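Novice: my_file-v9.cif is reproduced below (mmCIF, C-alpha atoms).
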```
data_final
loop_
_atom_site.label_atom_id
_atom_site.label_comp_id
_atom_site.auth_asym_id
_atom_site.auth_seq_id
_atom_site.Cartn_x
_atom_site.Cartn_y
_atom_site.Cartn_z
CA MET A 1 0.00 0.00 0.00
CA ARG A 2 1.32 3.39 -1.05
CA SER A 3 1.93 5.91 1.76
CA THR A 4 1.09 9.64 1.44
CA ILE A 5 3.64 12.29 2.60
CA SER A 6 2.24 15.61 3.71
CA LEU A 7 3.70 19.06 2.93
CA GLU A 8 4.70 19.51 6.50
CA GLN A 9 6.70 16.32 6.41
CA ILE A 10 8.42 17.44 3.21
CA ARG A 11 9.52 20.68 4.88
CA HIS A 12 11.21 18.74 7.64
CA ILE A 13 13.12 16.48 5.27
CA PRO A 14 16.80 17.38 5.60
CA LEU A 15 18.32 18.89 2.36
CA PRO A 16 22.04 19.64 2.80
CA ALA A 17 22.44 21.40 -0.61
CA MET A 18 19.64 23.90 0.13
CA ASP A 19 21.20 24.68 3.46
CA LEU A 20 24.40 25.69 1.69
CA VAL A 21 22.79 28.28 -0.72
CA ARG A 22 19.96 29.63 1.44
CA SER A 23 20.32 33.28 2.62
CA SER A 24 20.26 34.00 6.24
CA GLN A 25 17.33 35.70 7.86
CA ARG A 26 19.45 38.81 8.58
CA ILE A 27 20.42 39.19 4.91
CA ARG A 28 16.83 38.91 3.79
CA LYS A 29 15.77 41.66 6.18
CA PHE A 30 18.60 43.90 4.95
CA ALA A 31 17.56 43.35 1.32
CA ARG A 32 14.00 44.32 2.08
CA ILE A 33 15.17 47.50 3.82
CA LEU A 34 17.49 48.36 0.89
CA LEU A 35 14.70 47.87 -1.65
CA ALA A 36 12.37 50.13 0.34
CA ALA A 37 15.14 52.75 0.60
CA LEU A 38 15.68 52.67 -3.16
CA GLY A 39 11.97 53.18 -3.74
CA LEU A 40 11.89 56.10 -1.31
CA TRP A 41 15.03 57.54 -2.98
CA ALA A 42 13.40 57.36 -6.41
CA ILE A 43 10.28 59.08 -5.12
CA GLY A 44 12.42 61.72 -3.42
CA MET A 45 14.38 62.35 -6.61
CA LEU A 46 11.15 63.08 -8.46
CA LEU A 47 10.38 65.78 -5.89
CA LEU A 48 13.80 67.45 -6.06
CA PRO A 49 13.89 71.00 -7.56
CA TRP A 50 15.05 71.27 -11.16
CA GLN A 51 16.07 74.44 -13.03
CA GLN A 52 14.66 74.56 -16.55
CA THR A 53 17.05 76.00 -19.14
CA SER A 54 17.18 76.90 -22.80
CA ARG A 55 20.45 75.74 -24.31
CA GLY A 56 22.33 77.52 -27.05
CA THR A 57 25.73 77.28 -28.74
CA GLY A 58 27.82 80.04 -30.22
CA LYS A 59 31.10 81.86 -29.92
CA VAL A 60 32.85 84.80 -28.29
CA ILE A 61 32.64 88.14 -30.15
CA ALA A 62 33.46 91.78 -29.45
CA TYR A 63 30.43 93.53 -28.05
CA THR A 64 31.16 96.68 -30.11
CA PRO A 65 30.84 95.91 -33.85
CA GLN A 66 33.76 98.24 -34.67
CA GLU A 67 36.06 96.04 -32.55
CA ARG A 68 35.22 92.81 -34.34
CA GLN A 69 37.29 91.16 -37.05
CA GLN A 70 37.79 93.58 -39.94
CA THR A 71 38.88 92.87 -43.49
CA VAL A 72 40.61 95.71 -45.33
CA ILE A 73 39.97 95.74 -49.08
CA SER A 74 41.80 97.43 -51.91
CA PRO A 75 40.34 100.85 -52.83
CA VAL A 76 41.79 100.77 -56.38
CA ASP A 77 43.38 98.51 -58.95
CA GLY A 78 47.10 98.42 -58.32
CA ILE A 79 50.33 96.56 -57.71
CA VAL A 80 51.85 95.82 -54.31
CA PHE A 81 54.86 98.11 -53.98
CA GLU A 82 55.88 97.60 -50.37
CA ILE A 83 54.82 95.42 -47.41
CA MET A 84 55.57 96.33 -43.80
CA ALA A 85 59.01 94.98 -43.01
CA GLY A 86 58.97 91.71 -41.11
CA LEU A 87 55.18 91.58 -40.97
CA ARG A 88 53.78 88.13 -40.27
CA GLU A 89 50.33 86.81 -39.51
CA GLY A 90 49.66 87.20 -35.79
CA ASP A 91 51.89 90.27 -35.35
CA LYS A 92 50.60 93.17 -33.29
CA VAL A 93 50.08 96.47 -35.11
CA LYS A 94 49.00 99.95 -34.04
CA GLN A 95 46.32 102.11 -35.57
CA GLY A 96 47.83 104.11 -38.44
CA ASP A 97 50.74 101.73 -39.11
CA VAL A 98 51.38 101.40 -42.85
CA ILE A 99 50.73 97.74 -43.58
CA LEU A 100 51.39 97.92 -47.30
CA GLU A 101 51.65 100.40 -50.16
CA LEU A 102 50.20 100.07 -53.65
CA VAL A 103 51.10 101.76 -56.91
CA PRO A 104 48.79 102.27 -59.92
CA ILE A 105 48.94 99.72 -62.67
CA ALA A 106 49.36 102.46 -65.31
CA ALA A 107 52.73 104.15 -65.15
CA ASP A 108 52.69 107.82 -64.10
CA LEU A 109 48.90 107.71 -63.77
CA GLN A 110 48.76 110.43 -61.14
CA ASN A 111 50.60 112.95 -63.34
CA GLN A 112 48.34 112.09 -66.27
CA ILE A 113 45.24 112.69 -64.18
CA LYS A 114 46.64 115.98 -62.87
CA SER A 115 47.33 117.05 -66.47
CA GLN A 116 43.75 116.20 -67.41
CA VAL A 117 42.49 118.21 -64.46
CA ARG A 118 44.51 121.24 -65.61
CA GLU A 119 43.14 120.91 -69.15
CA TYR A 120 39.59 120.74 -67.84
CA GLU A 121 40.22 123.75 -65.63
CA ALA A 122 41.49 125.74 -68.66
CA LYS A 123 38.42 124.65 -70.59
CA LEU A 124 36.27 125.71 -67.67
CA GLY A 125 37.90 129.15 -67.76
CA ALA A 126 37.12 129.52 -71.46
CA ILE A 127 33.55 128.45 -70.83
CA ALA A 128 33.28 131.01 -68.03
CA ILE A 129 34.40 133.74 -70.46
CA LYS A 130 31.86 132.53 -73.01
CA GLU A 131 29.15 132.55 -70.38
CA SER A 132 30.10 136.09 -69.34
CA VAL A 133 30.14 137.33 -72.95
CA TYR A 134 26.75 135.85 -73.78
CA GLY A 135 25.36 137.23 -70.55
CA GLN A 136 26.64 140.70 -71.44
CA ASN A 137 25.25 140.32 -74.96
CA ALA A 138 21.86 139.56 -73.51
CA ILE A 139 22.06 142.65 -71.33
CA ASP A 140 23.15 144.81 -74.29
CA PHE A 141 20.38 143.42 -76.50
CA GLU A 142 17.85 144.12 -73.78
CA ALA A 143 19.06 147.72 -73.55
CA ALA A 144 19.01 148.09 -77.36
CA ARG A 145 15.54 146.57 -77.43
CA ASP A 146 14.32 149.08 -74.89
CA TYR A 147 15.82 152.00 -76.86
CA ALA A 148 14.48 150.77 -80.21
CA VAL A 149 11.04 150.12 -78.74
CA GLN A 150 11.00 153.55 -77.14
CA ALA A 151 12.01 155.21 -80.43
CA ALA A 152 9.40 153.24 -82.37
CA ARG A 153 6.79 154.11 -79.75
CA GLU A 154 7.61 157.81 -80.17
CA MET A 155 7.27 157.46 -83.94
CA VAL A 156 3.87 155.88 -83.40
CA SER A 157 2.90 158.77 -81.16
CA SER A 158 4.10 161.25 -83.83
CA ALA A 159 2.09 159.45 -86.51
CA ASN A 160 -0.99 159.52 -84.27
CA ALA A 161 -0.50 163.26 -83.74
CA LYS A 162 -0.17 163.84 -87.50
CA LEU A 163 -3.32 161.75 -88.09
CA SER A 164 -5.18 163.78 -85.52
CA ALA A 165 -4.10 167.02 -87.21
CA LYS A 166 -5.19 165.74 -90.61
CA LYS A 167 -8.55 164.72 -89.23
CA LYS A 168 -9.08 168.20 -87.80
CA LEU A 169 -8.75 169.72 -91.33
CA ILE A 170 -11.62 167.68 -92.75
CA PRO A 171 -14.46 169.77 -91.23
CA GLY A 172 -12.94 172.96 -92.69
CA TYR A 173 -12.74 171.52 -96.15
CA GLU A 174 -16.26 170.15 -95.86
CA ALA A 175 -17.55 173.60 -94.81
CA LYS A 176 -15.70 175.25 -97.68
CA LEU A 177 -17.23 172.78 -100.13
CA HIS A 178 -20.66 173.34 -98.64
CA GLN A 179 -20.33 177.10 -98.99
CA ALA A 180 -19.09 176.79 -102.55
CA ASN A 181 -22.10 174.64 -103.42
CA LEU A 182 -24.50 177.18 -101.88
CA ASN A 183 -22.91 180.05 -103.82
CA TYR A 184 -22.96 178.05 -107.00
CA ASP A 185 -26.63 177.08 -106.61
CA ARG A 186 -27.66 180.71 -105.82
CA PHE A 187 -25.75 182.24 -108.72
CA GLN A 188 -27.00 179.52 -111.04
CA SER A 189 -30.60 180.54 -110.20
CA LEU A 190 -29.78 184.21 -110.76
CA GLU A 191 -28.08 183.38 -114.01
CA LYS A 192 -31.27 181.73 -115.27
CA GLY A 193 -33.24 184.91 -114.37
CA GLY A 194 -30.73 187.02 -116.24
CA PHE A 195 -29.35 188.69 -113.18
CA ARG A 196 -25.88 187.16 -113.33
CA ALA A 197 -23.47 186.56 -116.12
CA GLU A 198 -22.62 183.04 -117.23
CA ARG A 199 -18.93 183.75 -116.60
CA GLU A 200 -19.57 184.33 -112.91
CA VAL A 201 -21.47 181.04 -112.61
CA GLU A 202 -18.63 179.20 -114.26
CA GLU A 203 -16.19 180.80 -111.81
CA LEU A 204 -18.29 179.53 -108.90
CA LYS A 205 -18.38 176.10 -110.50
CA ARG A 206 -14.61 176.05 -110.54
CA ASN A 207 -14.63 177.04 -106.86
CA VAL A 208 -16.89 174.06 -106.10
CA ASP A 209 -14.56 171.74 -107.99
CA VAL A 210 -11.51 173.14 -106.17
CA ALA A 211 -13.23 172.73 -102.75
CA GLN A 212 -14.23 169.16 -103.69
CA ALA A 213 -10.64 168.38 -104.72
CA ASP A 214 -9.26 169.91 -101.51
CA LEU A 215 -11.67 167.81 -99.42
CA GLU A 216 -10.74 164.61 -101.24
CA SER A 217 -7.06 165.48 -100.87
CA ALA A 218 -7.55 166.03 -97.13
CA ARG A 219 -9.35 162.71 -96.82
CA GLU A 220 -6.52 160.99 -98.68
CA ASP A 221 -4.07 162.63 -96.29
CA VAL A 222 -6.06 161.19 -93.36
CA SER A 223 -6.01 157.72 -94.95
CA SER A 224 -2.30 158.06 -95.53
CA ALA A 225 -1.79 159.16 -91.93
CA GLU A 226 -3.82 156.16 -90.67
CA TYR A 227 -1.72 153.80 -92.80
CA GLU A 228 1.41 155.45 -91.43
CA VAL A 229 0.18 154.87 -87.85
CA LYS A 230 -0.43 151.19 -88.58
CA SER A 231 2.96 150.95 -90.24
CA LYS A 232 4.67 152.53 -87.23
CA GLU A 233 2.80 150.19 -84.86
CA GLN A 234 3.91 147.18 -86.94
CA GLU A 235 7.44 148.53 -86.97
CA LEU A 236 7.28 148.86 -83.17
CA GLU A 237 6.20 145.23 -82.78
CA GLN A 238 8.84 144.13 -85.29
CA LYS A 239 11.56 145.95 -83.34
CA ARG A 240 10.37 144.41 -80.10
CA ARG A 241 10.35 140.87 -81.53
CA GLU A 242 13.62 141.30 -83.37
CA PHE A 243 15.55 142.43 -80.32
CA GLN A 244 13.74 139.96 -78.03
CA THR A 245 14.87 137.18 -80.36
CA LYS A 246 18.45 138.38 -80.02
CA VAL A 247 18.06 138.47 -76.24
CA ASP A 248 16.62 134.95 -76.17
CA VAL A 249 19.40 133.62 -78.40
CA ALA A 250 22.03 135.21 -76.15
CA ARG A 251 20.36 133.76 -73.05
CA ALA A 252 20.18 130.33 -74.69
CA TYR A 253 23.89 130.43 -75.49
CA GLN A 254 24.57 131.55 -71.94
CA GLN A 255 22.58 128.63 -70.51
CA GLU A 256 24.37 126.28 -72.87
CA ALA A 257 27.66 127.58 -71.50
CA VAL A 258 26.39 127.08 -67.94
CA SER A 259 25.44 123.48 -68.73
CA GLU A 260 28.77 122.86 -70.40
CA ALA A 261 30.56 124.31 -67.36
CA ALA A 262 28.59 122.00 -65.05
CA SER A 263 29.56 119.00 -67.17
CA VAL A 264 33.23 120.00 -67.06
CA ARG A 265 33.05 120.49 -63.28
CA LYS A 266 31.62 116.97 -62.95
CA ASP A 267 34.50 115.59 -65.00
CA ILE A 268 36.94 117.49 -62.78
CA ARG A 269 35.31 116.09 -59.63
CA ASP A 270 35.51 112.55 -61.03
CA LEU A 271 39.19 113.01 -61.78
CA GLU A 272 39.83 114.52 -58.34
CA ILE A 273 38.10 111.56 -56.68
CA LYS A 274 40.20 109.18 -58.71
CA LEU A 275 43.29 111.19 -57.81
CA GLN A 276 42.39 111.02 -54.12
CA GLU A 277 41.97 107.26 -54.44
CA LEU A 278 45.42 107.04 -55.98
CA GLN A 279 46.79 109.17 -53.15
CA GLN A 280 45.34 106.69 -50.62
CA LEU A 281 47.55 103.86 -51.77
CA LYS A 282 49.22 103.61 -48.36
CA ILE A 283 46.99 101.11 -46.57
CA THR A 284 47.10 101.55 -42.80
CA ALA A 285 45.78 99.53 -39.86
CA PRO A 286 42.30 100.80 -38.93
CA ARG A 287 42.68 99.86 -35.23
CA ASP A 288 45.13 98.40 -32.74
CA GLY A 289 45.11 94.63 -33.06
CA SER A 290 46.64 91.52 -34.57
CA VAL A 291 47.08 90.66 -38.23
CA PHE A 292 44.83 87.66 -38.74
CA ARG A 293 45.19 87.02 -42.48
CA LEU A 294 47.78 88.40 -44.90
CA PRO A 295 47.21 86.87 -48.35
CA LEU A 296 49.79 89.20 -49.95
CA PHE A 297 53.29 87.90 -49.41
CA GLU A 298 55.52 89.56 -51.99
CA ARG A 299 56.02 92.74 -53.96
CA GLY A 300 54.64 92.96 -57.48
CA GLN A 301 51.38 91.15 -56.81
CA THR A 302 48.45 92.65 -58.71
CA VAL A 303 45.27 93.42 -56.83
CA LYS A 304 41.88 94.57 -58.06
CA LYS A 305 39.55 97.06 -56.50
CA GLY A 306 37.63 95.22 -53.75
CA ASP A 307 40.20 92.44 -53.24
CA SER A 308 41.03 91.50 -49.64
CA LEU A 309 44.41 92.90 -48.57
CA PHE A 310 44.57 91.76 -44.94
CA THR A 311 42.35 90.95 -41.97
CA ILE A 312 42.89 92.42 -38.51
CA VAL A 313 41.43 91.42 -35.16
CA PRO A 314 41.21 94.56 -32.96
CA GLU A 315 42.30 94.42 -29.34
CA THR A 316 39.34 94.67 -26.99
CA THR A 317 38.30 93.71 -23.47
CA ASP A 318 34.63 94.42 -24.10
CA LEU A 319 33.58 90.90 -25.04
CA ALA A 320 30.23 89.24 -25.50
CA VAL A 321 28.91 85.84 -26.51
CA GLU A 322 26.49 85.23 -29.33
CA LEU A 323 24.36 82.14 -28.79
CA TRP A 324 22.04 80.51 -31.29
CA VAL A 325 18.85 79.04 -29.84
CA THR A 326 15.96 77.27 -31.50
CA GLY A 327 12.73 78.96 -32.47
CA LEU A 328 10.95 76.76 -29.89
CA ASP A 329 12.78 78.49 -27.01
CA ILE A 330 13.24 82.04 -28.34
CA PRO A 331 9.77 83.27 -27.19
CA LEU A 332 10.75 82.31 -23.61
CA ILE A 333 13.91 84.44 -23.56
CA GLN A 334 13.80 88.08 -22.51
CA PRO A 335 16.48 90.77 -22.07
CA ASN A 336 18.28 90.63 -18.68
CA ASP A 337 17.65 86.87 -18.32
CA HIS A 338 20.42 85.09 -16.40
CA VAL A 339 22.73 82.82 -18.46
CA ARG A 340 25.41 80.32 -17.45
CA LEU A 341 28.27 80.03 -19.92
CA GLN A 342 30.86 77.34 -20.57
CA PHE A 343 33.84 78.31 -22.74
CA GLU A 344 35.77 75.92 -24.92
CA GLY A 345 39.23 75.23 -23.49
CA TRP A 346 38.19 76.23 -19.98
CA PRO A 347 37.61 73.20 -17.67
CA ALA A 348 34.01 73.08 -16.57
CA VAL A 349 31.32 70.71 -15.31
CA GLN A 350 27.78 71.91 -15.93
CA PHE A 351 24.67 70.31 -14.43
CA SER A 352 21.87 71.62 -16.56
CA GLY A 353 19.19 71.49 -13.85
CA TRP A 354 21.37 72.39 -10.87
CA PRO A 355 23.42 75.52 -11.75
CA SER A 356 24.47 75.93 -8.13
CA VAL A 357 26.73 72.87 -8.36
CA ALA A 358 28.26 73.81 -11.74
CA VAL A 359 32.03 74.16 -11.82
CA GLY A 360 33.99 76.39 -14.20
CA THR A 361 30.96 78.21 -15.64
CA PHE A 362 30.45 81.96 -15.79
CA GLY A 363 27.42 84.16 -15.37
CA GLY A 364 25.98 86.50 -17.96
CA LYS A 365 22.79 88.25 -18.97
CA VAL A 366 20.90 88.57 -22.23
CA ILE A 367 21.44 92.03 -23.72
CA ALA A 368 19.97 91.70 -27.22
CA ILE A 369 17.77 89.35 -29.24
CA ASP A 370 17.62 89.30 -33.04
CA ASP A 371 14.23 89.76 -34.66
CA SER A 372 14.98 87.34 -37.51
CA ASP A 373 16.49 83.88 -37.76
CA ASP A 374 19.61 82.78 -39.58
CA GLY A 375 17.63 81.10 -42.36
CA GLU A 376 17.63 77.74 -40.59
CA GLY A 377 15.20 78.47 -37.76
CA LYS A 378 17.75 79.57 -35.16
CA PHE A 379 17.82 82.98 -33.49
CA ARG A 380 20.81 84.86 -32.11
CA ILE A 381 21.00 86.29 -28.61
CA GLN A 382 23.91 88.33 -27.26
CA VAL A 383 25.17 87.79 -23.71
CA VAL A 384 27.44 90.10 -21.73
CA PRO A 385 28.98 89.60 -18.25
CA GLU A 386 26.87 90.37 -15.23
CA ASN A 387 28.06 92.94 -12.73
CA ASP A 388 29.28 90.34 -10.25
CA SER A 389 30.66 87.89 -12.82
CA GLU A 390 34.17 87.93 -14.23
CA TRP A 391 34.97 86.00 -17.37
CA PRO A 392 38.37 84.48 -18.16
CA PRO A 393 41.15 86.92 -19.13
CA PRO A 394 41.27 88.12 -22.77
CA HIS A 395 44.34 86.01 -23.62
CA TYR A 396 42.22 82.94 -22.78
CA LEU A 397 38.95 84.26 -24.14
CA ARG A 398 39.76 85.21 -27.72
CA GLN A 399 37.22 86.22 -30.35
CA GLY A 400 35.85 83.11 -32.02
CA VAL A 401 36.19 80.78 -29.00
CA ARG A 402 33.18 78.49 -28.98
CA ALA A 403 30.83 78.61 -26.02
CA ASN A 404 27.79 76.80 -24.65
CA GLY A 405 25.11 78.69 -22.78
CA TRP A 406 22.09 77.90 -20.65
CA VAL A 407 19.42 80.57 -20.23
CA MET A 408 17.80 80.08 -16.81
CA LEU A 409 14.02 79.69 -16.92
CA GLN A 410 11.47 78.35 -14.39
CA GLN A 411 12.35 76.10 -11.41
CA VAL A 412 10.25 72.91 -11.32
CA THR A 413 10.50 69.42 -9.85
CA LEU A 414 12.58 66.73 -11.48
CA GLY A 415 9.48 64.60 -11.93
CA TYR A 416 7.73 67.38 -13.83
CA GLU A 417 10.81 67.90 -16.01
CA LEU A 418 10.93 64.19 -16.91
CA TRP A 419 7.22 64.28 -17.71
CA ARG A 420 7.74 67.44 -19.87
CA LEU A 421 10.62 65.87 -21.80
CA THR A 422 8.68 62.65 -22.31
CA ASN A 423 5.77 64.58 -23.83
CA GLY A 424 7.96 67.00 -25.81
CA PHE A 425 6.58 70.16 -24.14
CA PRO A 426 8.69 73.36 -24.16
CA PRO A 427 10.01 74.86 -20.91
CA ALA A 428 8.19 77.78 -19.29
CA ARG A 429 9.01 81.35 -18.28
CA PRO A 430 9.26 82.14 -14.54
CA ASP A 431 5.88 82.96 -13.01
CA ALA A 432 5.23 86.65 -13.63
CA ASP A 433 2.66 88.97 -15.11
CA PRO A 434 3.35 89.08 -18.90
CA LYS A 435 2.38 92.78 -18.97
CA LYS A 436 4.90 93.58 -16.22
CA LEU A 437 7.59 91.59 -17.99
CA LYS A 438 6.94 93.48 -21.21
CA ALA A 439 6.90 96.84 -19.45
CA SER A 440 10.10 96.21 -17.49
CA ALA A 441 12.09 94.80 -20.39
CA PRO A 442 14.47 97.28 -22.11
CA PRO A 443 14.23 97.82 -25.87
CA VAL A 444 15.64 94.95 -27.89
CA LYS A 445 18.86 95.87 -29.66
CA VAL A 446 19.44 94.31 -33.06
CA ASN A 447 22.94 94.39 -34.50
#
```
Have the structure of the file written as structure tokens, please.
Specialist:
Amino acid sequence: MRSTISLEQIRHIPLPAMDLVRSSQRIRKFARILLAALGLWAIGMLLLPWQQTSRGTGKVIAYTPQERQQTVISPVDGIVFEIMAGLREGDKVKQGDVILELVPIAADLQNQIKSQVREYEAKLGAIAIKESVYGQNAIDFEAARDYAVQAAREMVSSANAKLSAKKKLIPGYEAKLHQANLNYDRFQSLEKGGFRAEREVEELKRNVDVAQADLESAREDVSSAEYEVKSKEQELEQKRREFQTKVDVARAYQQEAVSEAASVRKDIRDLEIKLQELQQLKITAPRDGSVFRLPLFERGQTVKKGDSLFTIVPETTDLAVELWVTGLDIPLIQPNDHVRLQFEGWPAVQFSGWPSVAVGTFGGKVIAIDDSDDGEGKFRIQVVPENDSEWPPPHYLRQGVRANGWVMLQQVTLGYELWRLTNGFPPARPDADPKKLKASAPPVKVN
């Protein structure tokens, strides 16, 4: 008959191998405590404060644009005549030092231009004389016109006076003719009655004919005088137009001379500008600094107008950092926001969420934000040192050194930050009234 073994009996069966690998009761209690501690630590980590930041990368620049890297270009076409003795890339130069000297490509070009200027000046003198002569001619013609018009006007007045005198004679001749006709008619009646001789009537008839002839002659004189008045008036207008035409022609020639003089002056100015360019063939350093690039290395090299001659990096202690941030974060950044900076070549350890434990980083503040992106969706902000923050010395912090920056935003818990990153949400601005932030922010400077 088969016996049945209970579970309790199995537990009391001795198993030497199990005794060798079984943990002790003390170890099991310690493991439970450690597991609970790890759970509490994880929960505590989620409640720790976390500083949200907006990260950007960029480089060190001079805050003043005039102290940034400058490239000097050739003002004219020319040939390198002389380079500063012993000049090498990286050498220090002072403002006004002659870096190199050019000469014109055309031989004796300056003297040729000066000769052209003298010729134009002589031509300008001749044009000035012409202008003066034509101006005087216009004045003389105006005076002659006034005299001729006045004389013609007087002749018209004289003709009008003569016409008036002729017209005054007409009534007398008409009265004489009327009287002659009366006498002739009366004597003709008497002659028919036999009281007067035929000879006397004929005499009166001749008187009537003479009076009629005198009247017609007087009327012809009046017509002639009227024609003379019209002729004198036409002569007056002809004189006025004739001399006015001469005045206009003289004025036109004078204006032509003025225009020609202006054209010559323009040619002289163009030559003088070109001459000044040729006189500026000694290229000097625009500021104190270091020669960064010197593509010209020997005499006789030909350069064209606009070619790069050398590049200089001015000396400056007024440095700034330009950082490029994404368009997702740029609305959250405002002027005067605090920034932590890490410079390339300077040992640093940066904890993004805990800036207080960062090592080797430097403080700054946002001073300017560009209104437009770089064409790839990134925006530039400029950062300068804060009042209580000192950056590395200039011989460590040269222009062009790359830098990383973290703009400090809102402080949240680590759990919230992990949740935000998991969901892809942007960080947030510190709690404040948007109207107060806008009112307190200084104007944005765009370089």
Novice: For Lys123 of chain A, find every residue with an atom within 12 Å (counting all atoms listed in the file), except residues of its own chain fewer than 3 positions away, and show them as a count of residues only.
Specialist: 19
Novice: Excluding Leu397 of chain A and residues on its chain fewer than 5 positions from it, collect all residues at most 9 Å away from it, counting all atoms listed in the file, and give them as a PDB file with C-alpha atoms, in the coordinates of the input.
Specialist:
```pdb
ATOM      1  CA  VAL A  60      32.850  84.800 -28.290  1.00  0.00           C
ATOM      2  CA  LEU A 319      33.580  90.900 -25.040  1.00  0.00           C
ATOM      3  CA  PHE A 343      33.840  78.310 -22.740  1.00  0.00           C
ATOM      4  CA  GLU A 344      35.770  75.920 -24.920  1.00  0.00           C
ATOM      5  CA  TRP A 391      34.970  86.000 -17.370  1.00  0.00           C
ATOM      6  CA  PRO A 392      38.370  84.480 -18.160  1.00  0.00           C
TER       7      PRO A 392
END
```
Novice: Determine the residue membership of the PyMOL selection byres ((chain A and resi 146) around 12) for the file above and supply it as a list of chain:residue names.
Specialist: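 When the PyMOL selection byres ((chain A and resi 146) around 12) is applied to the shown file, the picked residues are A:Ile139, A:Asp140, A:Phe141, A:Glu142, A:Ala143, A:Ala144, A:Arg145, A:Tyr147, A:Ala148, A:Val149, A:Gln150, A:Ala151, A:Ala152, A:Arg153, A:Leu236, A:Glu237, A:Lys239, A:Arg240, A:Arg241, A:Glu242, A:Phe243, A:Gln244, A:Val247.
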Novice: Between A:Ser74, A:Asn111, A:Ser217, A:Gln25, which has the minimum distance to Gly306 of chain A (counting only C-alpha atoms)?
Specialist: A:Ser74
Novice: By how many Å are atom CA of Val76 of chain A and atom CA of Gln276 of chain A apart?
Specialist: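 For atom CA of Val76 of chain A relative to atom CA of Gln276 of chain A, the distance reads 10.5 Å.
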Novice: From (-18.4, 173.7, -99.6), in the file's coordinates, out to 10 Å: which residues are reached, counting only C-alpha atoms? Answer as a PyMOL selection string.
Specialist: chain A and resi 172-184+207-212+215
Novice: Can those selected residues be exported to a file as a JSON list (two decimals), in the coordinates of the input so that it contains C-alpha atoms?
Specialist:
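Here's the written file out21.json:
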```json
[["chain", "number", "residue", "atom", "x", "y", "z"],
["A", 172, "GLY", "CA", -12.94, 172.96, -92.69],
["A", 173, "TYR", "CA", -12.74, 171.52, -96.15],
["A", 174, "GLU", "CA", -16.26, 170.15, -95.86],
["A", 175, "ALA", "CA", -17.55, 173.60, -94.81],
["A", 176, "LYS", "CA", -15.70, 175.25, -97.68],
["A", 177, "LEU", "CA", -17.23, 172.78, -100.13],
["A", 178, "HIS", "CA", -20.66, 173.34, -98.64],
["A", 179, "GLN", "CA", -20.33, 177.10, -98.99],
["A", 180, "ALA", "CA", -19.09, 176.79, -102.55],
["A", 181, "ASN", "CA", -22.10, 174.64, -103.42],
["A", 182, "LEU", "CA", -24.50, 177.18, -101.88],
["A", 183, "ASN", "CA", -22.91, 180.05, -103.82],
["A", 184, "TYR", "CA", -22.96, 178.05, -107.00],
["A", 207, "ASN", "CA", -14.63, 177.04, -106.86],
["A", 208, "VAL", "CA", -16.89, 174.06, -106.10],
["A", 209, "ASP", "CA", -14.56, 171.74, -107.99],
["A", 210, "VAL", "CA", -11.51, 173.14, -106.17],
["A", 211, "ALA", "CA", -13.23, 172.73, -102.75],
["A", 212, "GLN", "CA", -14.23, 169.16, -103.69],
["A", 215, "LEU", "CA", -11.67, 167.81, -99.42]]
```
Novice: Between A:Ile33, A:Val103, A:Val383, A:Ala62, which is the closest to Thr316 of chain A once you count all atoms listed in the file?
Specialist: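 Nearest to Thr316 of chain A: A:Ala62.
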Novice: Taking the point (62.0, 94.1, -55.2) as given in the file, collect each protein or nucleic acid residue that comes within 9 Å of it, counting only C-alpha atoms, and present the set as a PyMOL selection string.
Specialist: chain A and resi 81-82+298-300
Novice: Atom CA of Glu233 of chain A and atom CA of Glu154 of chain A, how far apart in Å?
Specialist: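 Distance reported for this atom pair: 10.2 Å.
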Novice: The PyMOL selection byres ((chain A and resi 334-341) around 8) - which residues does that actually catch in the file I just gave you? List them as a list in words.
Specialist: Pro331, Leu332, Ile333, Gln342, Phe343, Pro355, Thr361, Phe362, Gly363, Gly364, Lys365, Val366, Ile367, Ala368, Ile369, Val383, Ala403, Asn404, Gly405, Trp406, Val407, Met408, Ala441, Pro442 and Val444 of chain A
Novice: Apply the PyMOL selection byres ((chain A and resi 85) around 10) to the file shown and report the selected residues as a list of chain:residue names.
Specialist: A:Glu82, A:Ile83, A:Met84, A:Gly86, A:Leu87, A:Arg88, A:Val98, A:Ile99, A:Leu100
